[in-house]
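Each remark here refers to the structure printed beneath this line.
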Amino acid sequence: MSALTTHNATAEEVYLDRLLAAQLLLPTDLPGIYARGSAFAQIMEGLEHAITRYGRTKETILLRCPPVLPRSIVEKCGYFQSFPQLLGCMCSFTGGTTEHDALMQAVDAGDNLLPHLELADVVMAPAACYYVYPYLAGTLPTEGKTTDIENWCYRHEPSLNPMRMRSFRMREFVHAGTPEQALGFRDRWIERAQEFLTLLGLTATVEAASDPFFGAGERLMAAQQRAQALKFELLIPIVSDERPTAVMSSNYHKDHFGHLFDIHTPDGQTAHTACLAFGMERIVLALLAEHGLQLSQWPRTLQARLEVN
Ligand code: AMP
Ligand code: ZN
């Protein structure tokens, strides 16, 4: 598959073609869905280890979860209201042999399969941290709790921009505690995240940001998020100075999840939460753009730090 189907290919599409030619990413028939080639997978593994060494302490709770999430969680969190356009819902076949005949006819004819399937009780996880909050229900210790989670995430935004995948990995550190603890965590991690990227030879700028809310209230929601400085992104101009890419982001949710999932501080107040997300593929793509597609040509210190050669 070549991304260069027109003469007006964007810098992002040109980059995708280089990644495919070097077999860093392997194509499927679908935009935004790639297999990771050997070198890409190696960098990814090294990056996971580097983040563990850098960010995990002995108090951090480690959580690893399936890439599907109970649909009830996203419903409770208002994902259908705010981001229905991004969600990957799943369907299953639940009929008997008669319904199966009808299904097979539809498959053979290339028809819409939806009438033959039933909406499943799971969805593709849209972000890693949704799994964390239900497990925090109850009273937190005085120092709060920090969780380390990584998961495959799905967002329905088909694109030939390799920085915008449909299925990608997100590593997050999530803190729940008092408002001061959550904000302190957020502020500390924005600085530490920038420092982490510097160790990888990457220079990122920090900017206030907003999420792509759906529908009529979109502008208002986004404006509120910015006005309250709830979301920050670490941006790197991977292939274009005009369109830098968010490789990491931090979100301060105030008491949103604390309220929804009954999370309390020891004094009985609703807990506040904040999370810091590493966009794993985007960091790898920034590394490849900065240091070259040949890992053997990378600076020695970086090779050692990411266990690649
Ligand atoms: P968000 O929840 O949108 O702030 O996403 C958290 C992080 O995941 C972002 O900072 C990105 O690095 C990464 N990310 C978000 N969307 C995508 C995507 N479509 N493809 C690859 N990485 C993504
Ligand atoms: Zn999060």
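Convention: chains lettered A, B, ... in structure tokens order; per-chain residue numbering from 1; ligands numbered from 1 as shown.
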
As a quick test: using only C-alpha atoms and all ligand atoms, which residues lie no more than 10 Å away from ligand 2? Give them as a compact mmCIF listing (two decimals) with N, CA, C and O atoms, in the first residue's frame.
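Output below, filename out-v7.txt:
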```txt
# COMPACT_ATOMS: atom_id res chain seq x y z
N PRO A 126 -11.05 3.33 24.67
CA PRO A 126 -10.66 4.55 23.96
C PRO A 126 -9.45 5.25 24.60
O PRO A 126 -8.79 6.06 23.98
N ALA A 127 -9.19 4.95 25.86
CA ALA A 127 -8.00 5.47 26.56
C ALA A 127 -7.67 4.46 27.65
O ALA A 127 -8.54 3.71 28.10
N ALA A 128 -6.41 4.44 28.07
CA ALA A 128 -5.99 3.41 29.03
C ALA A 128 -6.62 3.62 30.40
O ALA A 128 -6.98 2.67 31.09
N CYS A 129 -6.79 4.88 30.81
CA CYS A 129 -7.09 5.11 32.22
C CYS A 129 -8.52 4.79 32.65
O CYS A 129 -8.81 4.72 33.84
N TYR A 130 -9.45 4.54 31.68
CA TYR A 130 -10.82 4.22 32.09
C TYR A 130 -10.89 2.97 32.96
O TYR A 130 -11.83 2.80 33.75
N TYR A 131 -9.93 2.07 32.78
CA TYR A 131 -9.94 0.85 33.59
C TYR A 131 -9.57 1.10 35.05
O TYR A 131 -9.86 0.30 35.93
N VAL A 132 -8.89 2.22 35.31
CA VAL A 132 -8.33 2.43 36.64
C VAL A 132 -9.40 2.81 37.67
O VAL A 132 -9.43 2.27 38.79
N ILE A 149 -0.67 2.08 34.09
CA ILE A 149 -1.45 1.21 33.20
C ILE A 149 -1.00 1.42 31.76
O ILE A 149 -0.61 2.53 31.38
N MET A 170 -1.27 3.23 24.66
CA MET A 170 -1.17 4.38 25.56
C MET A 170 -0.69 3.88 26.92
O MET A 170 -1.24 2.94 27.47
N ARG A 171 0.38 4.48 27.41
CA ARG A 171 0.85 4.18 28.78
C ARG A 171 0.46 5.37 29.64
O ARG A 171 0.68 6.51 29.25
N GLU A 172 -0.11 5.09 30.80
CA GLU A 172 -0.53 6.21 31.65
C GLU A 172 -0.12 6.00 33.10
O GLU A 172 -0.14 4.87 33.61
N PHE A 173 0.23 7.10 33.74
CA PHE A 173 0.32 7.15 35.19
C PHE A 173 -0.89 7.96 35.66
O PHE A 173 -1.13 9.07 35.15
N VAL A 174 -1.64 7.38 36.61
CA VAL A 174 -2.88 8.01 37.04
C VAL A 174 -2.82 8.21 38.55
O VAL A 174 -2.52 7.26 39.29
N HIS A 175 -3.08 9.42 39.01
CA HIS A 175 -3.07 9.66 40.45
C HIS A 175 -4.45 10.03 40.94
O HIS A 175 -5.16 10.82 40.33
N SER A 249 0.12 13.64 26.85
CA SER A 249 -0.82 14.64 27.36
C SER A 249 -1.15 14.38 28.81
O SER A 249 -1.04 13.26 29.30
N SER A 250 -1.51 15.47 29.48
CA SER A 250 -1.93 15.33 30.88
C SER A 250 -3.34 15.88 31.02
O SER A 250 -3.70 16.85 30.35
N ASN A 251 -4.10 15.21 31.84
CA ASN A 251 -5.48 15.66 32.09
C ASN A 251 -5.72 15.73 33.59
O ASN A 251 -5.35 14.82 34.33
N TYR A 252 -6.33 16.84 34.01
CA TYR A 252 -6.79 16.97 35.40
C TYR A 252 -8.30 16.90 35.34
O TYR A 252 -8.94 17.73 34.69
N HIS A 253 -8.88 15.87 35.98
CA HIS A 253 -10.32 15.63 35.85
C HIS A 253 -11.13 16.24 36.99
O HIS A 253 -12.32 16.02 37.07
N THR A 273 -8.66 13.42 40.46
CA THR A 273 -7.73 12.56 39.72
C THR A 273 -7.04 13.34 38.60
O THR A 273 -7.56 14.35 38.11
N ALA A 274 -5.87 12.85 38.23
CA ALA A 274 -5.12 13.40 37.10
C ALA A 274 -4.38 12.25 36.44
O ALA A 274 -4.02 11.27 37.10
N CYS A 275 -4.18 12.36 35.11
CA CYS A 275 -3.42 11.31 34.43
C CYS A 275 -2.42 11.92 33.47
O CYS A 275 -2.59 13.05 33.02
N LEU A 276 -1.38 11.15 33.22
CA LEU A 276 -0.34 11.56 32.28
C LEU A 276 -0.19 10.42 31.28
O LEU A 276 0.10 9.29 31.67
N ALA A 277 -0.43 10.73 30.00
CA ALA A 277 -0.43 9.67 28.98
C ALA A 277 0.76 9.80 28.04
O ALA A 277 1.03 10.89 27.53
N PHE A 278 1.45 8.68 27.83
CA PHE A 278 2.50 8.60 26.80
C PHE A 278 1.85 8.00 25.56
O PHE A 278 1.35 6.87 25.64
```

**OP:** Could you pull out the residues sitting within 9 Å of ligand 1, using only C-alpha atoms and all ligand atoms, and write them as a PyMOL selection string?
**Re:** chain A and resi 32+126-128+153-159+161-172+209-212+231-235+245-251+276-283

Subject >> Exercise: His49 (chain A) partners within 12 Å, only C-alpha atoms, chain neighbours under 6 positions left out, as a PyMOL selection string >> reply: chain A and resi 42-43+55-56+171+280+304-308

Original post:
Hey, what does DSSP flag as strand (DSSP E or B) within region 83-222 of chain A? Can you give it to me as a PyMOL selection string?
Top reply: chain A and resi 89-92+118-124+138-139+145-154+167-177+205-208

Got time to write the residues from that selection, N, CA, C and O atoms, as a short mmCIF file (atom, residue, chain, number, x, y, z; two decimals), in the first residue's frame?
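Contents of the output file selection.cif:
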```cif
data_model
loop_
_atom_site.label_atom_id
_atom_site.label_comp_id
_atom_site.auth_asym_id
_atom_site.auth_seq_id
_atom_site.Cartn_x
_atom_site.Cartn_y
_atom_site.Cartn_z
N CYS A 89 -17.28 0.31 18.88
CA CYS A 89 -18.18 -0.62 19.56
C CYS A 89 -18.00 -2.00 18.93
O CYS A 89 -17.58 -2.13 17.80
N MET A 90 -18.35 -3.03 19.67
CA MET A 90 -18.21 -4.38 19.15
C MET A 90 -19.57 -5.04 19.01
O MET A 90 -20.50 -4.71 19.72
N CYS A 91 -19.64 -5.99 18.07
CA CYS A 91 -20.86 -6.74 17.85
C CYS A 91 -20.55 -8.22 17.90
O CYS A 91 -19.44 -8.63 17.56
N SER A 92 -21.53 -9.02 18.29
CA SER A 92 -21.35 -10.47 18.31
C SER A 92 -22.55 -11.12 17.66
O SER A 92 -23.65 -10.57 17.66
N GLU A 118 -25.48 -8.53 17.25
CA GLU A 118 -26.01 -7.84 18.43
C GLU A 118 -24.89 -7.02 19.07
O GLU A 118 -23.74 -7.49 19.14
N LEU A 119 -25.24 -5.83 19.54
CA LEU A 119 -24.24 -4.98 20.19
C LEU A 119 -23.68 -5.71 21.42
O LEU A 119 -24.44 -6.23 22.24
N ALA A 120 -22.35 -5.76 21.50
CA ALA A 120 -21.73 -6.49 22.62
C ALA A 120 -21.67 -5.63 23.87
O ALA A 120 -21.83 -4.40 23.81
N ASP A 121 -21.41 -6.29 24.98
CA ASP A 121 -21.32 -5.56 26.26
C ASP A 121 -19.92 -5.01 26.52
O ASP A 121 -19.62 -4.52 27.59
N VAL A 122 -19.05 -5.12 25.50
CA VAL A 122 -17.71 -4.53 25.61
C VAL A 122 -17.48 -3.57 24.44
O VAL A 122 -18.10 -3.71 23.40
N VAL A 123 -16.62 -2.58 24.66
CA VAL A 123 -16.18 -1.67 23.59
C VAL A 123 -14.66 -1.69 23.57
O VAL A 123 -14.03 -2.14 24.53
N MET A 124 -14.06 -1.21 22.47
CA MET A 124 -12.61 -1.06 22.44
C MET A 124 -12.25 0.07 23.41
O MET A 124 -12.90 1.12 23.39
N GLY A 138 -13.83 3.54 46.99
CA GLY A 138 -13.58 3.39 48.43
C GLY A 138 -12.71 4.53 48.92
O GLY A 138 -12.66 5.60 48.30
N THR A 139 -12.02 4.29 50.04
CA THR A 139 -11.21 5.35 50.66
C THR A 139 -9.74 5.17 50.33
O THR A 139 -9.18 4.10 50.51
N LYS A 145 -3.20 7.40 45.62
CA LYS A 145 -2.74 6.20 44.91
C LYS A 145 -2.31 6.58 43.49
O LYS A 145 -3.00 7.34 42.81
N THR A 146 -1.18 6.00 43.06
CA THR A 146 -0.75 6.18 41.68
C THR A 146 -0.76 4.83 40.99
O THR A 146 -0.24 3.85 41.52
N THR A 147 -1.38 4.78 39.81
CA THR A 147 -1.47 3.53 39.04
C THR A 147 -0.71 3.69 37.73
O THR A 147 -0.77 4.73 37.09
N ASP A 148 -0.03 2.61 37.34
CA ASP A 148 0.67 2.54 36.06
C ASP A 148 -0.11 1.58 35.19
O ASP A 148 -0.25 0.40 35.51
N ILE A 149 -0.67 2.08 34.09
CA ILE A 149 -1.45 1.21 33.20
C ILE A 149 -1.00 1.42 31.76
O ILE A 149 -0.61 2.53 31.38
N GLU A 150 -0.98 0.34 30.99
CA GLU A 150 -0.75 0.48 29.55
C GLU A 150 -1.79 -0.35 28.83
O GLU A 150 -2.14 -1.44 29.29
N ASN A 151 -2.31 0.18 27.73
CA ASN A 151 -3.29 -0.62 26.99
C ASN A 151 -3.31 -0.23 25.52
O ASN A 151 -2.87 0.85 25.14
N TRP A 152 -3.81 -1.16 24.71
CA TRP A 152 -4.14 -0.86 23.33
C TRP A 152 -5.40 -0.01 23.36
O TRP A 152 -6.35 -0.34 24.09
N CYS A 153 -5.42 1.07 22.60
CA CYS A 153 -6.59 1.93 22.55
C CYS A 153 -7.07 2.01 21.11
O CYS A 153 -6.29 1.87 20.17
N TYR A 154 -8.37 2.24 20.95
CA TYR A 154 -8.95 2.37 19.61
C TYR A 154 -9.66 3.71 19.51
O TYR A 154 -10.39 4.10 20.41
N SER A 167 -5.57 2.15 16.00
CA SER A 167 -5.28 1.25 17.12
C SER A 167 -3.84 1.51 17.54
O SER A 167 -2.92 1.37 16.74
N PHE A 168 -3.67 1.94 18.79
CA PHE A 168 -2.34 2.36 19.25
C PHE A 168 -2.24 2.10 20.74
O PHE A 168 -3.23 1.76 21.40
N ARG A 169 -1.03 2.25 21.26
CA ARG A 169 -0.85 1.98 22.68
C ARG A 169 -0.65 3.25 23.50
O ARG A 169 0.03 4.17 23.06
N MET A 170 -1.27 3.23 24.66
CA MET A 170 -1.17 4.38 25.56
C MET A 170 -0.69 3.88 26.92
O MET A 170 -1.24 2.94 27.47
N ARG A 171 0.38 4.48 27.41
CA ARG A 171 0.85 4.18 28.78
C ARG A 171 0.46 5.37 29.64
O ARG A 171 0.68 6.51 29.25
N GLU A 172 -0.11 5.09 30.80
CA GLU A 172 -0.53 6.21 31.65
C GLU A 172 -0.12 6.00 33.10
O GLU A 172 -0.14 4.87 33.61
N PHE A 173 0.23 7.10 33.74
CA PHE A 173 0.32 7.15 35.19
C PHE A 173 -0.89 7.96 35.66
O PHE A 173 -1.13 9.07 35.15
N VAL A 174 -1.64 7.38 36.61
CA VAL A 174 -2.88 8.01 37.04
C VAL A 174 -2.82 8.21 38.55
O VAL A 174 -2.52 7.26 39.29
N HIS A 175 -3.08 9.42 39.01
CA HIS A 175 -3.07 9.66 40.45
C HIS A 175 -4.45 10.03 40.94
O HIS A 175 -5.16 10.82 40.33
N ALA A 176 -4.83 9.47 42.09
CA ALA A 176 -6.08 9.85 42.76
C ALA A 176 -5.74 10.27 44.18
O ALA A 176 -4.96 9.59 44.87
N GLY A 177 -6.28 11.39 44.62
CA GLY A 177 -5.99 11.87 45.97
C GLY A 177 -6.75 13.15 46.24
O GLY A 177 -7.85 13.37 45.69
N THR A 205 7.38 21.11 23.29
CA THR A 205 6.81 22.30 23.94
C THR A 205 5.50 21.90 24.62
O THR A 205 4.84 20.96 24.17
N VAL A 206 5.17 22.62 25.69
CA VAL A 206 3.95 22.30 26.43
C VAL A 206 2.89 23.34 26.09
O VAL A 206 3.15 24.53 26.12
N GLU A 207 1.69 22.85 25.74
CA GLU A 207 0.61 23.80 25.44
C GLU A 207 -0.71 23.34 26.02
O GLU A 207 -0.98 22.13 26.08
N ALA A 208 -1.52 24.31 26.44
CA ALA A 208 -2.88 23.99 26.89
C ALA A 208 -3.64 23.44 25.69
O ALA A 208 -3.42 23.87 24.55
#
```

Subject >> 8 Å contact set for Tyr133 (chain A), only C-alpha atoms, chain neighbours under 4 positions out, as a PyMOL selection string >> reply: chain A and resi 129+137+257-258+261

**OP:** Take CA of Leu183 (chain A) and CA of His256 (chain A) and report the distance between them in Å, one decimal.
**Re:**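 It comes out at 14.0 Å.
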
Original post:
Interatomic distance between CA of Leu47 (chain A) and CA of Val284 (chain A)?
Top reply: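 Calculated distance between CA of Leu47 (chain A) and CA of Val284 (chain A) is 8.1 Å.
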
Subject >> Polymer residues at most 12 Å from Phe213 (chain A), only C-alpha atoms, same-chain spacing of 5 or more positions, as an MDAnalysis selection string >> reply: chainID A and resid 78:86 218:225

Keeping C-alpha atoms for every residue in the selection just given, could you write it to a file as a PDB file, in the first residue's frame?
```
ATOM      1  CA  GLY A  78     -20.349   9.987  29.241  1.00  0.00           C
ATOM      2  CA  TYR A  79     -18.161   8.848  26.327  1.00  0.00           C
ATOM      3  CA  PHE A  80     -21.207   8.349  24.071  1.00  0.00           C
ATOM      4  CA  GLN A  81     -22.200  11.921  24.843  1.00  0.00           C
ATOM      5  CA  SER A  82     -18.794  13.556  24.341  1.00  0.00           C
ATOM      6  CA  PHE A  83     -16.933  11.404  21.774  1.00  0.00           C
ATOM      7  CA  PRO A  84     -19.381   9.019  20.005  1.00  0.00           C
ATOM      8  CA  GLN A  85     -17.437   9.567  16.756  1.00  0.00           C
ATOM      9  CA  LEU A  86     -14.278   8.019  18.214  1.00  0.00           C
ATOM     10  CA  GLU A 218     -18.319  21.129  21.347  1.00  0.00           C
ATOM     11  CA  ARG A 219     -16.929  24.673  21.287  1.00  0.00           C
ATOM     12  CA  LEU A 220     -18.189  25.446  24.765  1.00  0.00           C
ATOM     13  CA  MET A 221     -16.801  22.232  26.293  1.00  0.00           C
ATOM     14  CA  ALA A 222     -13.419  22.754  24.623  1.00  0.00           C
ATOM     15  CA  ALA A 223     -13.311  26.411  25.729  1.00  0.00           C
ATOM     16  CA  GLN A 224     -14.109  25.429  29.330  1.00  0.00           C
ATOM     17  CA  GLN A 225     -11.413  22.767  29.282  1.00  0.00           C
TER      18      GLN A 225
END
```

Subject >> Using only C-alpha atoms: which of A:Pro244, A:Gly144, A:Pro299, A:Pro31 has the shortest distance to His272 (chain A) >> reply: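 Checking each candidate against His272 (chain A), we get A:Gly144 as the closest.
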